[in-house]
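Okay, coords_27.csv now, which holds CSV, C-alpha atoms and all ligand atoms:
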chain,number,residue,atom,x,y,z
A,25,MET,CA,102.9,79.0,95.1
A,26,LYS,CA,103.8,78.6,91.5
A,27,GLY,CA,102.7,82.0,90.3
A,28,TYR,CA,103.7,85.6,91.0
A,29,PHE,CA,101.7,88.1,92.9
A,30,ILE,CA,102.5,91.8,92.1
A,31,THR,CA,100.6,94.7,93.6
A,32,PHE,CA,100.5,98.4,92.7
A,33,GLU,CA,100.0,101.1,95.2
A,34,GLY,CA,100.1,104.9,95.4
A,35,PRO,CA,98.0,108.0,95.7
A,36,ASP,CA,94.9,108.4,93.6
A,37,GLY,CA,95.8,109.5,90.1
A,38,SER,CA,99.4,108.1,90.2
A,39,GLY,CA,99.0,106.2,86.9
A,40,LYS,CA,98.9,102.6,88.3
A,41,THR,CA,96.1,101.5,86.1
A,42,THR,CA,97.7,102.6,82.9
A,43,GLN,CA,100.9,100.8,83.8
A,44,ILE,CA,99.1,97.6,84.8
A,45,GLY,CA,97.6,97.6,81.3
A,46,LEU,CA,101.0,98.0,79.6
A,47,LEU,CA,102.6,95.3,81.8
A,48,LYS,CA,99.8,92.9,81.1
A,49,ASP,CA,100.3,93.2,77.3
A,50,TYR,CA,104.1,92.8,77.7
A,51,LEU,CA,104.0,89.8,80.0
A,52,LYS,CA,101.4,88.0,77.8
A,53,GLU,CA,103.6,88.7,74.7
A,54,ILE,CA,106.5,86.9,76.4
A,55,GLY,CA,104.3,83.9,77.2
A,56,PHE,CA,102.9,84.3,80.6
A,57,GLU,CA,99.3,83.9,81.7
A,58,VAL,CA,98.3,87.1,83.3
A,59,VAL,CA,95.3,88.0,85.5
A,60,VAL,CA,94.6,91.7,86.1
A,61,THR,CA,92.4,92.6,89.0
A,62,ARG,CA,91.7,95.4,91.5
A,63,GLU,CA,90.7,96.3,95.0
A,64,PRO,CA,88.2,96.9,96.3
A,65,GLY,CA,86.7,94.5,93.7
A,66,GLY,CA,87.8,91.7,91.5
A,67,THR,CA,84.8,89.4,92.3
A,68,SER,CA,81.1,90.0,92.2
A,69,ILE,CA,80.9,90.3,95.9
A,70,GLY,CA,84.0,92.5,96.0
A,71,GLU,CA,82.5,94.8,93.4
A,72,ALA,CA,79.2,95.0,95.3
A,73,ILE,CA,81.2,95.9,98.5
A,74,ARG,CA,83.1,98.5,96.5
A,75,GLU,CA,79.9,100.3,95.6
A,76,ILE,CA,79.0,100.7,99.2
A,77,ILE,CA,82.5,101.8,100.3
A,78,LEU,CA,83.0,104.4,97.6
A,79,ASP,CA,79.5,105.8,97.6
A,80,SER,CA,79.8,109.5,98.7
A,81,ALA,CA,76.2,109.2,100.1
A,82,TYR,CA,77.6,107.2,103.1
A,83,GLY,CA,79.4,110.1,104.8
A,84,GLU,CA,78.6,108.5,108.2
A,85,MET,CA,80.7,105.4,107.6
A,86,THR,CA,83.0,104.9,110.6
A,87,PRO,CA,86.7,104.1,110.1
A,88,VAL,CA,86.3,100.6,111.6
A,89,THR,CA,83.3,99.8,109.3
A,90,GLU,CA,85.4,101.0,106.3
A,91,MET,CA,88.4,98.8,107.3
A,92,LEU,CA,86.2,95.7,107.7
A,93,LEU,CA,84.5,96.2,104.4
A,94,TYR,CA,87.9,96.5,102.6
A,95,ALA,CA,89.0,93.4,104.5
A,96,ALA,CA,85.8,91.5,103.6
A,97,ALA,CA,86.2,92.3,99.9
A,98,ARG,CA,89.8,91.2,100.2
A,99,ALA,CA,89.0,87.8,101.8
A,100,GLN,CA,86.6,87.0,99.0
A,101,HIS,CA,89.1,88.2,96.4
A,102,VAL,CA,92.0,86.1,97.8
A,103,ASP,CA,90.0,82.8,98.1
A,104,GLU,CA,87.9,83.1,94.9
A,105,LEU,CA,90.4,84.6,92.5
A,106,ILE,CA,94.0,85.3,93.6
A,107,LYS,CA,94.9,82.0,95.3
A,108,PRO,CA,93.6,79.8,92.5
A,109,ALA,CA,95.4,81.9,89.9
A,110,LEU,CA,98.7,81.7,91.8
A,111,GLU,CA,98.3,78.0,92.3
A,112,SER,CA,97.9,77.5,88.6
A,113,GLY,CA,101.1,79.5,87.9
A,114,LYS,CA,99.7,82.7,86.6
A,115,ILE,CA,101.0,86.3,87.2
A,116,VAL,CA,98.4,88.3,89.1
A,117,LEU,CA,98.6,92.1,88.7
A,118,CYS,CA,96.5,93.8,91.4
A,119,ASP,CA,95.6,97.5,91.4
A,120,ARG,CA,95.8,98.1,95.2
A,121,PHE,CA,95.9,95.5,97.9
A,122,VAL,CA,96.5,95.2,101.7
A,123,ASP,CA,99.0,98.1,101.7
A,124,SER,CA,96.2,100.5,100.8
A,125,SER,CA,94.4,99.4,103.9
A,126,LEU,CA,97.6,100.0,105.9
A,127,ALA,CA,98.1,103.5,104.4
A,128,TYR,CA,94.4,104.7,104.1
A,129,GLN,CA,92.8,103.1,107.2
A,130,GLY,CA,96.0,102.6,109.3
A,131,PHE,CA,97.6,106.0,108.7
A,132,GLY,CA,94.9,108.1,107.0
A,133,ARG,CA,92.1,107.2,109.4
A,134,GLY,CA,94.5,106.7,112.3
A,135,LEU,CA,93.5,103.1,113.2
A,136,GLY,CA,97.1,102.1,113.4
A,137,ILE,CA,99.1,99.6,111.5
A,138,GLU,CA,98.9,96.8,114.1
A,139,LEU,CA,95.1,96.6,114.0
A,140,ILE,CA,95.0,96.6,110.2
A,141,GLU,CA,97.6,93.8,110.0
A,142,ARG,CA,95.7,91.7,112.6
A,143,VAL,CA,92.4,92.0,110.9
A,144,ASN,CA,93.8,91.4,107.4
A,145,LYS,CA,95.8,88.3,108.5
A,146,VAL,CA,92.4,86.6,108.4
A,147,ALA,CA,91.6,88.0,104.9
A,148,LEU,CA,95.0,87.2,103.4
A,149,ASN,CA,94.8,83.5,104.2
A,150,GLY,CA,98.6,83.2,103.9
A,151,ILE,CA,98.8,85.1,100.6
A,152,ASN,CA,101.3,88.0,100.4
A,153,PRO,CA,102.6,90.0,97.4
A,154,ASP,CA,105.9,89.0,95.9
A,155,MET,CA,106.5,92.5,94.8
A,156,THR,CA,104.7,95.8,95.5
A,157,PHE,CA,105.2,98.9,93.4
A,158,PHE,CA,104.8,102.2,95.1
A,159,PHE,CA,103.9,104.9,92.6
A,160,ASP,CA,105.4,107.9,94.3
A,161,LEU,CA,103.5,111.1,93.5
A,162,ASP,CA,102.7,114.1,95.5
A,163,PRO,CA,99.1,113.6,96.6
A,164,LYS,CA,98.1,117.1,95.5
A,165,GLU,CA,99.3,116.3,92.0
A,166,GLY,CA,97.4,113.0,92.0
A,167,LEU,CA,94.1,114.7,92.9
A,168,LYS,CA,94.7,117.3,90.3
A,169,ARG,CA,95.2,114.6,87.7
A,170,GLY,CA,92.0,112.9,88.8
A,171,GLN,CA,90.0,116.1,88.5
A,172,ALA,CA,91.5,116.7,85.0
A,173,ARG,CA,90.2,113.3,83.9
A,174,GLY,CA,86.8,114.5,84.9
A,175,GLU,CA,85.9,111.4,86.9
A,176,GLY,CA,83.2,111.5,89.5
A,177,VAL,CA,84.5,112.1,93.0
A,178,ASP,CA,84.2,109.1,95.4
A,179,ARG,CA,83.9,109.1,99.2
A,180,LEU,CA,87.7,108.7,99.8
A,181,GLU,CA,88.6,111.5,97.3
A,182,LEU,CA,86.4,113.9,99.2
A,183,GLU,CA,88.7,113.6,102.2
A,184,SER,CA,90.9,116.6,103.2
A,185,MET,CA,94.4,117.2,101.9
A,186,ASP,CA,95.6,116.4,105.4
A,187,PHE,CA,94.2,112.9,105.1
A,188,HIS,CA,95.8,112.4,101.7
A,189,GLN,CA,99.1,113.6,103.0
A,190,ARG,CA,98.9,111.1,105.9
A,191,VAL,CA,98.2,108.3,103.4
A,192,TYR,CA,101.2,109.4,101.4
A,193,ASP,CA,103.4,109.5,104.5
A,194,GLY,CA,102.0,106.1,105.4
A,195,PHE,CA,103.1,104.6,102.0
A,196,ASN,CA,106.6,106.1,102.5
A,197,GLY,CA,106.7,104.4,106.0
A,198,LEU,CA,105.7,101.1,104.4
A,199,CYS,CA,108.5,101.4,101.9
A,200,LEU,CA,111.0,101.6,104.8
A,201,ARG,CA,109.2,98.8,106.7
A,202,TYR,CA,109.2,96.3,103.9
A,203,PRO,CA,112.3,97.3,101.8
A,204,ASP,CA,112.6,93.9,100.1
A,205,ARG,CA,109.1,93.8,98.8
A,206,PHE,CA,108.5,97.5,98.0
A,207,LYS,CA,109.8,99.1,94.8
A,208,ARG,CA,109.5,102.8,94.6
A,209,VAL,CA,108.7,104.3,91.2
A,210,ASP,CA,108.9,108.0,90.4
A,211,ALA,CA,105.4,108.5,89.1
A,212,SER,CA,106.2,111.9,87.7
A,213,MET,CA,108.3,110.3,84.9
A,214,GLY,CA,106.8,109.7,81.5
A,215,ILE,CA,104.7,106.6,80.7
A,216,HIS,CA,107.4,104.8,78.8
A,217,ASP,CA,110.1,105.4,81.4
A,218,ILE,CA,107.9,104.0,84.1
A,219,HIS,CA,107.0,101.1,81.9
A,220,LYS,CA,110.6,100.2,81.3
A,221,GLU,CA,111.4,100.4,85.0
A,222,THR,CA,108.5,98.2,86.1
A,223,ILE,CA,109.4,95.6,83.4
A,224,ASN,CA,113.0,95.5,84.6
A,225,ARG,CA,111.9,95.0,88.2
A,226,ILE,CA,109.5,92.2,87.3
A,227,LEU,CA,112.0,90.4,85.1
A,228,GLN,CA,114.4,90.4,88.0
A,229,LEU,CA,111.7,88.9,90.2
A,230,LEU,CA,110.9,86.2,87.7
A,231,LYS,CA,114.6,85.3,87.6
A,232,ASP,CA,115.1,85.4,91.4
A,233,LYS,CA,112.0,83.4,92.2
A,234,LYS,CA,112.7,80.6,89.7
B,1,LIG,P1,89.8,103.6,93.1
B,1,LIG,O1,88.9,104.4,92.2
B,1,LIG,O2,90.1,102.2,92.7
B,1,LIG,O3,91.1,104.4,93.3
B,1,LIG,P2,92.4,104.5,92.4
B,1,LIG,O4,92.0,104.7,91.0
B,1,LIG,O5,93.1,105.7,93.0
B,1,LIG,O6,93.2,103.3,92.7
B,1,LIG,O7,89.2,103.7,94.6
B,1,LIG,C1,89.7,103.0,95.6
B,1,LIG,C2,89.8,103.9,96.8
B,1,LIG,O8,89.8,103.1,98.0
B,1,LIG,C3,91.1,104.7,96.8
B,1,LIG,O9,90.8,106.0,97.3
B,1,LIG,C4,91.9,104.0,97.9
B,1,LIG,C5,90.9,103.4,98.8
B,1,LIG,N1,91.3,102.1,99.5
B,1,LIG,C6,91.4,102.1,100.8
B,1,LIG,O10,91.2,103.1,101.5
B,1,LIG,N2,91.7,100.9,101.5
B,1,LIG,C7,91.9,99.8,100.8
B,1,LIG,O11,92.2,98.7,101.4
B,1,LIG,C8,91.9,99.8,99.4
B,1,LIG,C9,92.1,98.6,98.6
B,1,LIG,C10,91.5,101.0,98.7
Now, as a test, write the supplied structure out as structure tokens.
Amino acid sequence: MKGYFITFEGPDGSGKTTQIGLLKDYLKEIGFEVVVTREPGGTSIGEAIREIILDSAYGEMTPVTEMLLYAAARAQHVDELIKPALESGKIVLCDRFVDSSLAYQGFGRGLGIELIERVNKVALNGINPDMTFFFDLDPKEGLKRGQARGEGVDRLELESMDFHQRVYDGFNGLCLRYPDRFKRVDASMGIHDIHKETINRILQLLKDKK
């Protein structure tokens, strides 16, 4: 694959989206073609699935249904958008990807990492991130930031603090499991410091992969 696939993970409210916007501007300025996308979403079908998954009216959704819906949205996303972009040499910046399924459904919902990996192998169709940033922030702090922004609360955010703590512990476990791919970022730092750190990591990746 000619391009670079970079994903951003972390608890709700950890500042991923802001940083993705800053990185996009920077990378474009230095001459790269950049695609910014998100999960669940990124395609018409993916965005429609997103509406179902996050709708707080569907409290009865089972963990397996939830996992399969995320994986279905991902399958469409990979084949319709991510793979073609990487094949044409672009940098793809994706707000959440398969590691969110491992952390939220695998650890948070307790489905286990093996099941999530098995199901998602089909959805990924051979595509894996070159680099994954973990925005490390205490989940309590993340939820507080979300509330301060006054956004509506989605179905996942309605979950207990225990759930969000398991997700956070899950992400920490993933950092240990995939130490080469994962880059931990202290998300309590200021916007500019985080931006500098993510740029440095990406420039290193571009150099190494050449
Ligand atoms: P979103 O509003 O995009 O969250 P954030 O702004 O925090 O990134 O909502 C996505 C929610 O879906 C978020 O709570 C994480 C969750 N999620 C999963 O549980 N599994 C997944 O595979 C993905 C991609 C997201």
* Residues within 8 Å of ligand LIG 1 (chain B), counting only C-alpha atoms and all ligand atoms: report them as an MDAnalysis selection string. => chainID A and resid 33:38 40:41 62:64 77:78 90:91 94:95 98 119:129 178:181
C-alpha atoms of the current selection, written as a PDB file, in the frame of the given file:
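Final file, out.pdb:
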ATOM      1  CA  GLU A  33     100.000 101.100  95.200  1.00  0.00           C
ATOM      2  CA  GLY A  34     100.100 104.900  95.400  1.00  0.00           C
ATOM      3  CA  PRO A  35      98.000 108.000  95.700  1.00  0.00           C
ATOM      4  CA  ASP A  36      94.900 108.400  93.600  1.00  0.00           C
ATOM      5  CA  GLY A  37      95.800 109.500  90.100  1.00  0.00           C
ATOM      6  CA  SER A  38      99.400 108.100  90.200  1.00  0.00           C
ATOM      7  CA  LYS A  40      98.900 102.600  88.300  1.00  0.00           C
ATOM      8  CA  THR A  41      96.100 101.500  86.100  1.00  0.00           C
ATOM      9  CA  ARG A  62      91.700  95.400  91.500  1.00  0.00           C
ATOM     10  CA  GLU A  63      90.700  96.300  95.000  1.00  0.00           C
ATOM     11  CA  PRO A  64      88.200  96.900  96.300  1.00  0.00           C
ATOM     12  CA  ILE A  77      82.500 101.800 100.300  1.00  0.00           C
ATOM     13  CA  LEU A  78      83.000 104.400  97.600  1.00  0.00           C
ATOM     14  CA  GLU A  90      85.400 101.000 106.300  1.00  0.00           C
ATOM     15  CA  MET A  91      88.400  98.800 107.300  1.00  0.00           C
ATOM     16  CA  TYR A  94      87.900  96.500 102.600  1.00  0.00           C
ATOM     17  CA  ALA A  95      89.000  93.400 104.500  1.00  0.00           C
ATOM     18  CA  ARG A  98      89.800  91.200 100.200  1.00  0.00           C
ATOM     19  CA  ASP A 119      95.600  97.500  91.400  1.00  0.00           C
ATOM     20  CA  ARG A 120      95.800  98.100  95.200  1.00  0.00           C
ATOM     21  CA  PHE A 121      95.900  95.500  97.900  1.00  0.00           C
ATOM     22  CA  VAL A 122      96.500  95.200 101.700  1.00  0.00           C
ATOM     23  CA  ASP A 123      99.000  98.100 101.700  1.00  0.00           C
ATOM     24  CA  SER A 124      96.200 100.500 100.800  1.00  0.00           C
ATOM     25  CA  SER A 125      94.400  99.400 103.900  1.00  0.00           C
ATOM     26  CA  LEU A 126      97.600 100.000 105.900  1.00  0.00           C
ATOM     27  CA  ALA A 127      98.100 103.500 104.400  1.00  0.00           C
ATOM     28  CA  TYR A 128      94.400 104.700 104.100  1.00  0.00           C
ATOM     29  CA  GLN A 129      92.800 103.100 107.200  1.00  0.00           C
ATOM     30  CA  ASP A 178      84.200 109.100  95.400  1.00  0.00           C
ATOM     31  CA  ARG A 179      83.900 109.100  99.200  1.00  0.00           C
ATOM     32  CA  LEU A 180      87.700 108.700  99.800  1.00  0.00           C
ATOM     33  CA  GLU A 181      88.600 111.500  97.300  1.00  0.00           C
TER      34      GLU A 181
END
* To do: Could you give me, as a list in words, the residues within 10 Å of Ile218 of chain A, counting all atoms listed in the file and dropping anything in the same chain fewer than 6 positions from it?
  =>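 Everything that qualifies: Gly39, Gln43, Phe159, Val209, Asp210, Ala211, Ser212 and Asn224 of chain A.
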* Asked: From the set A:Ser80, A:Asn149, A:Thr156, A:Thr67, which residue has the shortest atom-to-atom contact distance to Gly176 of chain A, counting all atoms listed in the file?
  ->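 With all atoms listed in the file as the atom set, the closest residue is A:Ser80.
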* Asked: Between A:Glu75, A:Asp204, A:Asp103, A:Asp217, which one has atoms that come closest to Gly150 of chain A, using only C-alpha atoms?
  ->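 Checking each of A:Glu75, A:Asp204, A:Asp103, A:Asp217 against Gly150 of chain A, counting only C-alpha atoms, the winner is A:Asp103.
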* To do: For each of A:Phe157, A:Gly70, A:Gly113, A:Gln100, take the minimum atom-to-atom distance to His219 of chain A, counting only C-alpha atoms, then give the residue where this is smallest.
  =>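 Among A:Phe157, A:Gly70, A:Gly113, A:Gln100, it is A:Phe157 that comes nearest to His219 of chain A.
Each of A:Tyr28, A:Leu135, A:Glu71, A:Lys48 was compared to Thr89 of chain A using all atoms listed in the file, and A:Leu135 turns out to be the nearest.
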* Restricting the calculation to all atoms listed in the file, which member of A:Arg133, A:Leu198, A:Ile30, A:Arg74 is positioned closest to Thr222 of chain A? -> A:Ile30
* Asked: For the atom pair atom CA of Gly66 of chain A and atom CA of Gly166 of chain A, what is the interatomic distance in Å to one decimal place?
  -> 23.4 Å
* To do: Within 7 Å of Ile140 of chain A, counting all atoms listed in the file, which residues show up once you throw out same-chain ones fewer than 3 positions away? Write them as a list in words, please.
  =>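 Here the answer would be Ser125, Leu126, Gly130, Gly136, Ile137, Val143 and Asn144 of chain A.
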* Between atom CA of Gly132 of chain A and atom CA of Ala97 of chain A, measure the distance and give it in Å to one decimal. => 19.4 Å
* To do: Grab the atom CA of Leu161 of chain A to atom CA of Met213 of chain A distance for me, in Å with one decimal place.
  =>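 So the answer is 9.9 Å.
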* Structure fact -> Counting all atoms listed in the file, closest pick from A:Ile106, A:Leu51, A:Val60, A:Arg225 relative to Leu148 of chain A is A:Ile106
* Which polymer residues have any atom within 12 Å of an atom of Val59 of chain A, counting all atoms listed in the file, with same-chain residues fewer than 4 positions away left out, as a ChimeraX atom specification? -> /A:27-31,44-45,47-49,51-52,66,105-110,112-119
